[in-house]
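K.L.:
Encoded as structure tokens, here's the structure I'll be asking about.
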Amino acid sequence: MPQASIVDPRGRRARSLAVLGLAFALLAGCGGSAPEPGAAVAGIYYDVRIDSAVDGAAIAFTVFEPSRIVAGRDYPLVLHGHGFGGSRLTAPDAFVTRLNDAGFAVISIDMRGFGASGGEVQAMDPAYEGRDLVQVVDWAEAHLPWLRYRPDVRGDTNLVLGAYGGSYGGAYQLLLNAHDPQARLDAIVPDMTWTQLLYSFYPNHVFKTVWLTLLEAAGTAGSGGRMGAFINEAFVEGTLTNNVSESRFGPFIEFGNQYFCDTGRARRVDALLTQGMRDALFTFNEAYHNYRCLQALGGDVRLLTHQSGHLVPGLQAAGPLACGSLAQADAAYAWFQEKLNDMPGQTVNIPEICYSIAADDSASVQQVQIGSPTDTVLSIPATTLVLGPAARQQGAIAVDLGTATAPALLAGIPEIRLTISDPLGAQFGDPRVFVGVGIQRGGAGGWALVSEQVQPFRGFGTDDDQLNGIAARLQPGDHYGLLLMGYHDFYFNNGSRDAMVVTVSGSVELPIVSAAD
């Protein structure tokens with residue numbers, strides 16, 4: 001039952017118990033507003049707490065009814081999830097109001113361990129958060145008599161259901177899509193979320209120090225210290241030792257969409273995936289993997305990037321949550337209108353792939369370019385790099401690989417073969433090298449790191465890998481190449497702790513395509 005006062009759709013708190021008597025009676029019977037035949041009522045919003053079937057922990061959420069509920073009509077439901085360390089909406093924000101006014105109901109959920117929900121944070125474990133989420137949808141079906149139903153792809157009558165949210169609030173959508181036994185999700189908008197946490201946190205066995213420190217602090221504060229032991233143990237080990245034991249990998253592999261896709265658990269759904277092009281935690285590559293997986297299942301799946309995301313405070317400046325002139329919120333609203341509210345044609349202006357290049361610049365393409373479209377392999381000449389305590393003073397070493405002769409897009413995912421060797425042949429220590437794509441405008445001045453993306457490489461030997469996805473424009477005379485670093489602020493405690501000199505060499509394929517493509 002609701003645990004807080006009932007309020008009207010404009011947020012004014014109801015004051016008279018006499019006036020509220022009927023409303024409470026309705027809530028006791030069905031969980032929300034229910035007009036008399038032939039009548040209409042103004043929707044309300046209210047808090048609900050139920051007991052988790054997993055362990056009895058509280059599951060807290062807030063129901064935002066459509067602004068006007070007309071007897072005999074039905075309304076789609078949209079779920080909202082918060083970021084890691086955050087909590088649910090307990091009053092309508094601008095986007096919830098926009099959805100309510102368009103005839104959507106919204107349920108905003110406190111994920112396990114956060115806000116008013118109990119239990120420990122398990123980082124989207126199907127056995128915990130997965131079952132909790134299914135239970136919330138079950139509650140909605142049991143208590144909201146005006147919800148919309150229609151035949152699904154199998155011909156079965158099913159709830160019309162959408163979901164949105166960013167980061168942790170993006171991951172819950174992919175989890176629910178994979179683990180709801182009734183496959184009720186129809187349309188999702190996951191923003192800046194992961195495909196596999198091990199890849200996110202520990203790429204090439206290098207601990208992503210800055211963001212993990214921020215997330216550990218936010219999660220501990222937001223949960224009141226109720227973080228799952230495996231999360232805290234991995235953080236402490238990585239911080240102290242510069243490593244994470246393989247015995248701790250399991251949850252970080254299994255609690256993500258890559259695992260759902262690899263094991264056949266992911267289901268068809270219409271998905272508008274949005275991702276920060278400069279995101280320092282969840283890269284474009286992760287969004288692209290989710291895109292490819294869900295696209296293969298047959299849904300309408302598109303990928304929109306923006307200039308926001310997980311940006312490191314003090315090191316990265318926030319940009320608009322938009323791809324050029326297309327705001328993420330407007331795209332999400334159009335997505336739900338078309339996919340859930342029976343309004344075809346609303347998403348015609350949402351491209352298949354939209355690269356956000358700058359705050360006011362974007363490029364739309366039909367597919368993500370992996371490597372060079374012409375199979376052009378650029379040689380990385382042997383370059384000496386200082387590692388260890390002196391690496392920060394050395395800065396980035398630019399390896400010039402070519403000059404643009406015509407306007408072009410440097411957009412997609414580069415492929416690289418990188419060799420780290422010891423010029424003395426001893427191969428002593430634990431080298432770590434950071435690599436990004438760089439541009440020198442007009443062939444003069446400093447080099448800029450494209451999309452602020454770096455990829456770590458660890459150990460002696462040769463790695464065949466992909467660099468993080470990037471998006472930039474090349475003008476005639478611009479030089480492009482690689483930036484090689486022995487230190488980067490995103491990994492402030494996890495560069496090489498051994499003082500050494502290494503030689504870096506190899507080859508790379510850059511995704512340079514015609515600006516007209």
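Letters A, B, ... go to the chains of the structure tokens in the order shown; residues in each chain start at 1; ligands are counted from 1 in the same order.
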For the structure I just gave you, how does DSSP split region 150-265 of chain A - specifically, which residues are helix (DSSP H, G or I)? Reply as a VMD selection string.

P.N.:
chain A and resid 168 to 179 197 to 201 203 to 205 209 to 223 229 to 241 246 to 254 257 to 262

K.L.:
With a distance cut-off of 8 Å and only C-alpha atoms, select the neighbouring residues of Arg148 (chain A), excluding the residue or stretch itself and same-chain residues fewer than 5 positions from it, and output the selection as number ranges by chain.

P.N.:
A: 74-77, 159-160

K.L.:
Using only all heavy atoms, please write the residues we just selected to a file, as a tab-separated table (two decimals), in the first residue's frame.

P.N.:
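That gives us again00.tsv:
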```tsv
chain	number	residue	atom	x	y	z
A	74	ASP	N	-7.28	2.57	-22.31
A	74	ASP	CA	-6.13	1.91	-21.68
A	74	ASP	C	-4.86	2.71	-21.97
A	74	ASP	O	-4.82	3.54	-22.89
A	74	ASP	CB	-6.00	0.46	-22.13
A	74	ASP	CG	-5.96	0.30	-23.65
A	74	ASP	OD1	-5.54	1.26	-24.34
A	74	ASP	OD2	-6.34	-0.77	-24.15
A	75	TYR	N	-3.82	2.44	-21.18
A	75	TYR	CA	-2.61	3.28	-21.20
A	75	TYR	C	-1.37	2.41	-21.06
A	75	TYR	O	-1.33	1.49	-20.25
A	75	TYR	CB	-2.67	4.30	-20.06
A	75	TYR	CG	-3.92	5.16	-20.12
A	75	TYR	CD1	-5.07	4.78	-19.44
A	75	TYR	CD2	-3.95	6.31	-20.89
A	75	TYR	CE1	-6.24	5.54	-19.50
A	75	TYR	CE2	-5.10	7.09	-20.96
A	75	TYR	CZ	-6.25	6.68	-20.28
A	75	TYR	OH	-7.39	7.44	-20.36
A	76	PRO	N	-0.33	2.72	-21.86
A	76	PRO	CA	0.92	1.97	-21.75
A	76	PRO	C	1.68	2.35	-20.49
A	76	PRO	O	1.51	3.44	-19.94
A	76	PRO	CB	1.69	2.37	-23.01
A	76	PRO	CG	1.15	3.71	-23.38
A	76	PRO	CD	-0.29	3.72	-22.94
A	77	LEU	N	2.54	1.45	-20.05
A	77	LEU	CA	3.36	1.65	-18.85
A	77	LEU	C	4.83	1.76	-19.24
A	77	LEU	O	5.32	0.99	-20.07
A	77	LEU	CB	3.17	0.47	-17.89
A	77	LEU	CG	4.06	0.43	-16.65
A	77	LEU	CD1	3.80	1.63	-15.74
A	77	LEU	CD2	3.84	-0.88	-15.88
A	159	LEU	N	1.26	-7.26	-21.95
A	159	LEU	CA	1.33	-5.89	-21.48
A	159	LEU	C	2.14	-5.02	-22.44
A	159	LEU	O	3.16	-5.46	-22.97
A	159	LEU	CB	1.98	-5.87	-20.10
A	159	LEU	CG	2.19	-4.51	-19.43
A	159	LEU	CD1	0.85	-3.88	-19.07
A	159	LEU	CD2	3.06	-4.67	-18.18
A	160	VAL	N	1.71	-3.79	-22.67
A	160	VAL	CA	2.47	-2.83	-23.46
A	160	VAL	C	3.39	-2.09	-22.49
A	160	VAL	O	2.94	-1.29	-21.66
A	160	VAL	CB	1.54	-1.85	-24.19
A	160	VAL	CG1	2.36	-0.81	-24.96
A	160	VAL	CG2	0.63	-2.61	-25.15
```

K.L.:
So that I can check the surroundings of Pro389 (chain A), please list as an MDAnalysis selection string every protein, DNA and RNA residue that reaches within 7 Å of it, counting only C-alpha atoms and ignoring chain neighbours fewer than 3 positions away.

P.N.:
chainID A and resid 392 497 499

K.L.:
Dump N, CA and C atoms for the selected residues as a CSV table (one decimal), in the first residue's frame?

P.N.:
```
chain,number,residue,atom,x,y,z
A,392,ARG,N,54.4,10.3,-16.3
A,392,ARG,CA,53.5,11.4,-16.3
A,392,ARG,C,54.2,12.7,-16.9
A,497,ARG,N,53.9,0.4,-12.4
A,497,ARG,CA,54.5,0.8,-11.1
A,497,ARG,C,56.0,0.5,-11.1
A,499,ALA,N,59.6,1.2,-12.9
A,499,ALA,CA,60.2,2.1,-13.8
A,499,ALA,C,60.9,1.3,-14.9
```

K.L.:
Determine the nearest neighbour of Thr97 (chain A) from the options A:Val508, A:Ile44, A:Val210, A:Ala398, counting only C-alpha atoms.

P.N.:
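Ranked by minimum distance to Thr97 (chain A), first place goes to A:Ile44.
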
K.L.:
Residues of region 321-482 of chain A classed as strand (DSSP E) by DSSP on the backbone are to be reported as an mmCIF file with C-alpha atoms, in the first residue's frame.

P.N.:
```
data_model
loop_
_atom_site.group_PDB
_atom_site.id
_atom_site.type_symbol
_atom_site.label_atom_id
_atom_site.label_comp_id
_atom_site.auth_asym_id
_atom_site.auth_seq_id
_atom_site.Cartn_x
_atom_site.Cartn_y
_atom_site.Cartn_z
ATOM 1 C CA ALA A 322 22.026 15.339 -27.815
ATOM 2 C CA CYS A 323 23.333 14.145 -31.156
ATOM 3 C CA LEU A 326 18.397 15.740 -31.801
ATOM 4 C CA ALA A 327 18.018 15.765 -28.013
ATOM 5 C CA ILE A 353 23.539 5.440 -36.211
ATOM 6 C CA CYS A 354 24.157 8.999 -35.036
ATOM 7 C CA TYR A 355 27.690 10.073 -34.119
ATOM 8 C CA SER A 356 27.951 13.082 -31.841
ATOM 9 C CA ILE A 357 31.123 14.865 -32.949
ATOM 10 C CA ALA A 358 30.812 18.054 -30.933
ATOM 11 C CA ASP A 361 27.934 18.739 -34.860
ATOM 12 C CA SER A 362 26.853 15.193 -35.676
ATOM 13 C CA ALA A 363 26.963 12.677 -38.511
ATOM 14 C CA SER A 364 24.424 10.001 -39.398
ATOM 15 C CA VAL A 365 25.510 6.727 -40.987
ATOM 16 C CA LEU A 378 49.055 1.815 -41.163
ATOM 17 C CA SER A 379 52.400 0.846 -39.690
ATOM 18 C CA ILE A 380 53.254 2.017 -36.168
ATOM 19 C CA PRO A 381 56.990 2.643 -36.163
ATOM 20 C CA ALA A 382 58.993 1.477 -33.168
ATOM 21 C CA THR A 383 58.553 4.157 -30.509
ATOM 22 C CA THR A 384 60.367 4.391 -27.186
ATOM 23 C CA LEU A 385 58.165 5.021 -24.165
ATOM 24 C CA VAL A 386 59.128 5.669 -20.551
ATOM 25 C CA LEU A 387 56.939 3.891 -17.985
ATOM 26 C CA ILE A 397 54.015 10.793 -27.744
ATOM 27 C CA ALA A 398 52.333 11.424 -31.099
ATOM 28 C CA VAL A 399 52.864 8.929 -33.905
ATOM 29 C CA ASP A 400 51.922 10.680 -37.161
ATOM 30 C CA LEU A 401 50.296 8.188 -39.536
ATOM 31 C CA GLY A 402 48.887 10.319 -42.332
ATOM 32 C CA THR A 403 47.378 13.544 -43.648
ATOM 33 C CA ALA A 408 36.346 12.862 -44.119
ATOM 34 C CA LEU A 409 34.864 11.270 -41.030
ATOM 35 C CA LEU A 410 37.159 9.560 -38.581
ATOM 36 C CA ALA A 411 34.312 7.634 -36.991
ATOM 37 C CA GLY A 412 33.919 4.047 -35.835
ATOM 38 C CA GLU A 415 41.531 -2.109 -35.014
ATOM 39 C CA ILE A 416 45.086 -2.421 -33.755
ATOM 40 C CA ARG A 417 47.950 -4.877 -33.449
ATOM 41 C CA LEU A 418 50.246 -3.593 -30.723
ATOM 42 C CA THR A 419 53.573 -5.031 -29.621
ATOM 43 C CA ILE A 420 55.227 -3.989 -26.360
ATOM 44 C CA SER A 421 58.841 -5.115 -26.107
ATOM 45 C CA ARG A 432 51.176 -0.757 -19.130
ATOM 46 C CA VAL A 433 50.709 1.474 -22.156
ATOM 47 C CA PHE A 434 47.741 3.709 -22.979
ATOM 48 C CA VAL A 435 46.745 4.318 -26.608
ATOM 49 C CA GLY A 436 44.347 6.745 -28.259
ATOM 50 C CA VAL A 437 43.731 8.227 -31.697
ATOM 51 C CA GLY A 438 44.948 11.797 -32.178
ATOM 52 C CA ILE A 439 44.447 14.663 -34.624
ATOM 53 C CA GLN A 440 46.754 17.600 -35.296
ATOM 54 C CA ALA A 448 44.090 16.342 -29.567
ATOM 55 C CA LEU A 449 42.863 13.002 -28.248
ATOM 56 C CA GLN A 455 42.635 2.039 -24.283
ATOM 57 C CA PRO A 456 45.140 0.331 -21.948
ATOM 58 C CA PHE A 457 47.484 -2.484 -22.964
ATOM 59 C CA ARG A 458 49.348 -4.597 -20.458
ATOM 60 C CA GLY A 461 54.041 -9.299 -26.340
ATOM 61 C CA THR A 462 51.547 -8.635 -29.115
ATOM 62 C CA ASP A 463 47.839 -7.892 -28.722
ATOM 63 C CA ASP A 464 45.224 -7.840 -31.493
ATOM 64 C CA ASP A 465 42.460 -5.614 -30.208
ATOM 65 C CA GLN A 466 40.066 -2.776 -30.876
ATOM 66 C CA ILE A 470 35.619 7.609 -31.772
ATOM 67 C CA ALA A 471 33.991 10.311 -33.891
ATOM 68 C CA ALA A 472 35.643 13.372 -35.446
ATOM 69 C CA ARG A 473 35.860 15.259 -38.712
ATOM 70 C CA LEU A 474 39.027 15.507 -40.774
ATOM 71 C CA HIS A 479 47.264 14.981 -39.530
ATOM 72 C CA TYR A 480 45.987 11.829 -37.854
ATOM 73 C CA GLY A 481 47.787 9.174 -35.867
ATOM 74 C CA LEU A 482 48.126 7.574 -32.449
#
```

K.L.:
Using only C-alpha atoms for the distances, tell me which of A:Met485, A:Val54, A:Val348, A:Ile69 is nearest to Pro35 (chain A).

P.N.:
A:Ile69

K.L.:
Pick out the residues sitting within 10 Å of Trp139 (chain A), and hand them over as number ranges by chain; count only C-alpha atoms, and ignore anything fewer than 4 positions along from it in its own chain.

P.N.:
A: 31, 48, 50, 133-135, 143-144

K.L.:
Measuring atom to atom with only C-alpha atoms, identify which of A:Ile107, A:Leu321, A:Val450, A:Ala271 is nearest to Leu297 (chain A).

P.N.:
A:Ala271

K.L.:
Would you mind telling me which residue in A:Leu272, A:Val377, A:Ala280, A:Ala123 lies nearest to Ala229 (chain A) when using only C-alpha atoms?

P.N.:
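Ranking A:Leu272, A:Val377, A:Ala280, A:Ala123 by distance to Ala229 (chain A), first place goes to A:Ala123.
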